[in-house]
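Report on the following structure.
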Amino acid sequence: MIRHMLTSALGAGLVAGLFAALLHFALLQPLILAAEGFEIGAAAPADPGAGPAAAASPAAAGHGVAGGADLWRNGLTVAFQILTQVAFALLLVAGFGLARMRGHRVGPRDALLWGIAGFVALQLAPSLGLAPGLPGMPAADLFLRQVWWAGTVAATAAALALLAFGNGPRAVLAAAVLVALPHLIGAPVPDGFGGLAPPELASSFAARVLGVGLAVWAVLGWTAGRLWSAPPA
């Protein structure tokens with residue numbers, strides 16, 4: 001069973017990691033390069049009517065890497081995405097194993113829901129307090145942000161588990177409390193607001209990060225469930 005879990009996680013992580021890298025290069029990296037241009041003072045604000053794509057052009061980014069074609073940086077991005085998705089896939093298939101021990105069968109459709117739950121716990125819920133940010137944006141103390149993020153992920157994951165496997169109104173009430181608690185405490189905030197990149201660029205980046213995250217988690221969950229439900233070789 002352990003071997004089957006590892007092969008399922010590696011296969012799903014590879015597929016989802018390559019998909020995540022593709023979406024990163026197409027949707028996120030142009031905005032990051034544009035923000036880095038503003039950060040070093042090499043870019044000027046784009047025409048407000050031109051949208052974020054104008055600010056994300058290589059000319060706007062203007063920091064010596066034509067079109068972002070830095071093979072070393074791109075290679076590291078692909079490797080990071082694959083390693084990250086393999087780690088997430090290991091968490092998913094470990095959950096599949098625990099569910100099987102409790103008598104629950106996890107197929108591809110069930111695993112798709114597991115993937116969406118992973119997105120909710122690790123990205124959507126924390127983003128309500130700590131929105132995805134571009135280079136040059138102000139941020140609170142890193143350690144405080146990490147603590148709040150970890151607490152939010154743990155509380156949201158526990159709430160989703162209670163909703164999925166708990167019984168009765170007490171489980172629902174406990175889940176509601178767990179979901180709300182980190183946000184009632186409040187995420188750490190920077191001393192001031194502002195930033196070097198235009199707000200339109202920052203808002204577009206935050207929206208795209210969440211959209212990409214949902215798509216990648218869905219692919220990861222479905223693929224992991226497909227490999228997990230297949231007979232071991």
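Residues are named by chain letter and number: chains run A, B, ... in the order of the structure tokens, numbers start at 1 in each chain, and ligands are numbered from 1 in the order shown.
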
Counting only C-alpha atoms, give me one row per residue of stretch 94-146 of chain A with an atom at most 6 Å from an atom of stretch 181-198 of chain A, showing the shortest contact pair and its distance in Å to one decimal, sorted by chain then residue number, as a tab-separated table.
```
residue	atom	partner	partner_atom	distance
A:Gly129	CA	A:Ala187	CA	5.2
A:Gly136	CA	A:Leu196	CA	5.7
A:Met137	CA	A:Gly195	CA	4.5
A:Ala139	CA	A:Pro190	CA	4.8
A:Ala140	CA	A:Pro190	CA	4.1
```

Those in stretch 123-221 of chain A with alpha helix (DSSP H) from DSSP, as number ranges by chain: A: 125-127, 142-165, 168-185, 199-221

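Of the listed residues A:Leu130, A:Val15, A:Met1, A:Leu31, the one whose atoms come nearest to A:Leu142 is A:Leu130, with distances taken using only C-alpha atoms.
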
Give me the residues near A:Thr84 as a PDB file with C-alpha atoms, in the first residue's frame, where near means some atom within 9 Å (using only C-alpha atoms) and where sequence neighbours in that chain fewer than 4 positions away do not count.
```pdb
ATOM      1  CA  GLY A  13       2.437  15.626  -8.505  1.00  0.00           C
ATOM      2  CA  GLY A  17       3.336  20.429 -11.297  1.00  0.00           C
ATOM      3  CA  ALA A  79      11.240  22.124 -10.383  1.00  0.00           C
ATOM      4  CA  PHE A  80       9.649  24.038  -7.512  1.00  0.00           C
ATOM      5  CA  PHE A  88       0.549  18.144  -1.726  1.00  0.00           C
ATOM      6  CA  ALA A  89      -0.216  14.864  -3.505  1.00  0.00           C
TER       7      ALA A  89
END
```

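By only C-alpha atoms, and with residues fewer than 5 positions from stretch 201-215 of chain A along its chain excluded, the set lying at most 9 Å from it is Ala20, Leu23, His24, Leu27, Leu28, Leu31, Ile32, Ala34, Ala35, Gly51, Pro52, Ala53, Ala55, Ala56, Gly115, Ile116, Phe119, Val120, Gln123, Leu124, Ser127, Ala131, Pro132, Gly133, Leu134, Met137 and Leu220 of chain A.
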
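Of the residues under consideration (A:Ala16, A:Ala94, A:Leu76, A:Ala117), A:Ala117 shows the shortest atom-to-atom contact distance to A:Ala164 when counting only C-alpha atoms.
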
Contact residues around A:Ala157 with only C-alpha atoms at 10 Å, ignoring same-chain residues under 6 positions, as a PyMOL selection string: chain A and resi 117-118+120-122+125+151+163+175+178-179

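Remark: for A:Ala161, the closest of the candidate residues A:Trp114, A:Leu14, A:Val216, A:Val78 is A:Trp114 (distances computed over only C-alpha atoms).
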
Separation of atom CA of A:Leu113 from atom CA of A:Ala26 in Å: 25.7 Å

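Proximity ranking of A:Ala9, A:Ala150, A:Leu160, A:Ala230 relative to A:Leu91 places A:Ala9 first, based on only C-alpha atoms.
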